[in-house]
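Engineer: Below you'll find the structure I mean.
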Amino acid sequence: MPRIGVVLSGCGFNDGAEIQESVITMLELDKAGAEMVLMAPNIDQLHVINHYTGQEMDEYRNVLVESARIARGNIKDMAEVSSSDVDALIFPGGFGVAKNLCDYAMTGANCSINPDVLKLSKEVHKDNKPIGVMCIAPAMMAKILGEDTELTIGFDEQTSEDINTMGAKHITCPVEDIIVDREKKVVSTPAYMEAKSIKEAAEGISKLVIEILNMI
């Protein structure tokens, strides 16, 4: 049974992991009979957003603690996970990726990556294991891997320019499809960068999960 690491970045698309993308990923992995290793870095969120009003709140939350909501408590501190624990790695999207796992939301192409995220991603890639990224996560992976890695976030002009600036290669892609870099073993899909409904997001995510499992 393949063990797939799923990296979460909080709980809620404005300041953490996109919940629907995360749950669809988990559902598709479960349907395929894969074992999930859910994880998140044990750090404070950049900020907390009220998802009802869209306004920032005057409180602090922890990325691992918030991610545990989606994982139903069955989650690991990312610092304790190494490449030997997983056969592949998948990053659902959400602004938490660009605010907590890296600082792309603030600094664009000059972003820096959380050390735990950087270490595990590099390890998994070096061991020739596949990595899946969706929504805004391909922008972070462009910074981590560079090397003309083919990635997509859909059609967004600024983000695709940033991906190219960071040394990767952006390929435009409709929401229901995936971009596969077979040489680098990286699969990406736009998900809620382009999706107008959960059904649209699910189509590409399902293809991504299947492709990742096929690559193992």
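Within each chain, counting starts at residue 1; across the structure tokens, chains are named A, B, ... in the order shown, with ligands numbered 1 upward in that order.
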Which residues of range 76-187 of chain A have any atom within 7 Å of an atom in range 191-201 of chain A when counting only C-alpha atoms, and what is the closest pair of atoms for each, with the distance in Å to one decimal? Order the rows by chain and rising number and write it as JSON lines.
Structural biologist:
```
{"residue": "A:Met134", "atom": "CA", "partner": "A:Ala191", "partner_atom": "CA", "distance": 6.0}
{"residue": "A:Cys135", "atom": "CA", "partner": "A:Ala191", "partner_atom": "CA", "distance": 5.0}
{"residue": "A:Ile136", "atom": "CA", "partner": "A:Met193", "partner_atom": "CA", "distance": 6.8}
{"residue": "A:Ile153", "atom": "CA", "partner": "A:Met193", "partner_atom": "CA", "distance": 6.4}
{"residue": "A:Gly154", "atom": "CA", "partner": "A:Glu194", "partner_atom": "CA", "distance": 6.3}
{"residue": "A:Val175", "atom": "CA", "partner": "A:Glu194", "partner_atom": "CA", "distance": 5.6}
{"residue": "A:Glu176", "atom": "CA", "partner": "A:Glu200", "partner_atom": "CA", "distance": 6.2}
```
Engineer: Can I get the selection written as an mmCIF file, in the first residue's frame, with N, CA and C atoms?
Structural biologist:
```
data_model
loop_
_atom_site.group_PDB
_atom_site.id
_atom_site.type_symbol
_atom_site.label_atom_id
_atom_site.label_comp_id
_atom_site.auth_asym_id
_atom_site.auth_seq_id
_atom_site.Cartn_x
_atom_site.Cartn_y
_atom_site.Cartn_z
ATOM 1 N N MET A 134 -1.291 21.678 -6.161
ATOM 2 C CA MET A 134 -2.521 22.218 -6.750
ATOM 3 C C MET A 134 -2.754 23.649 -6.294
ATOM 4 N N CYS A 135 -3.615 24.354 -7.055
ATOM 5 C CA CYS A 135 -4.000 25.721 -6.716
ATOM 6 C C CYS A 135 -2.752 26.616 -6.730
ATOM 7 N N ILE A 136 -2.415 27.287 -5.629
ATOM 8 C CA ILE A 136 -1.261 28.184 -5.576
ATOM 9 C C ILE A 136 0.039 27.430 -5.236
ATOM 10 N N ILE A 153 -0.658 26.900 -12.791
ATOM 11 C CA ILE A 153 -1.645 27.419 -11.835
ATOM 12 C C ILE A 153 -2.892 27.821 -12.613
ATOM 13 N N GLY A 154 -2.957 27.401 -13.879
ATOM 14 C CA GLY A 154 -4.099 27.736 -14.725
ATOM 15 C C GLY A 154 -3.727 28.815 -15.719
ATOM 16 N N VAL A 175 -8.999 24.069 -15.795
ATOM 17 C CA VAL A 175 -9.223 23.596 -14.427
ATOM 18 C C VAL A 175 -9.364 22.073 -14.327
ATOM 19 N N GLU A 176 -9.929 21.459 -15.363
ATOM 20 C CA GLU A 176 -10.207 20.024 -15.255
ATOM 21 C C GLU A 176 -9.010 19.147 -15.647
#
```
Engineer: I'd like a table as a tab-separated table: residues in range 97-211 of chain A with an atom no more than 12 Å from range 62-67 of chain A, each row giving the shortest atom pair and its distance in Å to one decimal, only C-alpha atoms counted, sorted by chain and rising residue number.
Structural biologist:
```
residue	atom	partner	partner_atom	distance
A:Val97	CA	A:Val63	CA	10.5
A:Lys99	CA	A:Val63	CA	10.7
A:Asn100	CA	A:Val63	CA	7.6
A:Leu101	CA	A:Val63	CA	9.2
```
Engineer: Nearest to Asn164 in chain A among A:Val23, A:Ile179, A:Met141, A:Ser9, with distances taken over only C-alpha atoms: which residue is it?
Structural biologist: A:Met141
Engineer: Please run DSSP on the backbone and report, as a list of chain:residue names, all residues within range 54-115 of chain A that come out as strand (DSSP E or B).
Structural biologist: A:Glu56, A:Met57, A:Asn62, A:Lys76, A:Asp77, A:Ala88, A:Leu89, A:Ile90, A:Phe91, A:Cys102, A:Ile113
Engineer: Can you pull out the residues contacting Ala139 in chain A? Cut-off 10 Å, using only C-alpha atoms, and skip same-chain residues under 3 positions away; I want them as a ChimeraX atom specification.
Structural biologist: /A:97-98,102,104,108-109,111,133-136,142-144,151-153,159-164,166,168,170
Engineer: If you run DSSP over the backbone, which residues in chain A end up helix (DSSP H, G or I)? Put them as a PyMOL selection string.
Structural biologist: chain A and resi 19-31+63-70+78-80+83-85+95-101+104-110+115-126+137-145+157-165+191-193+198-215
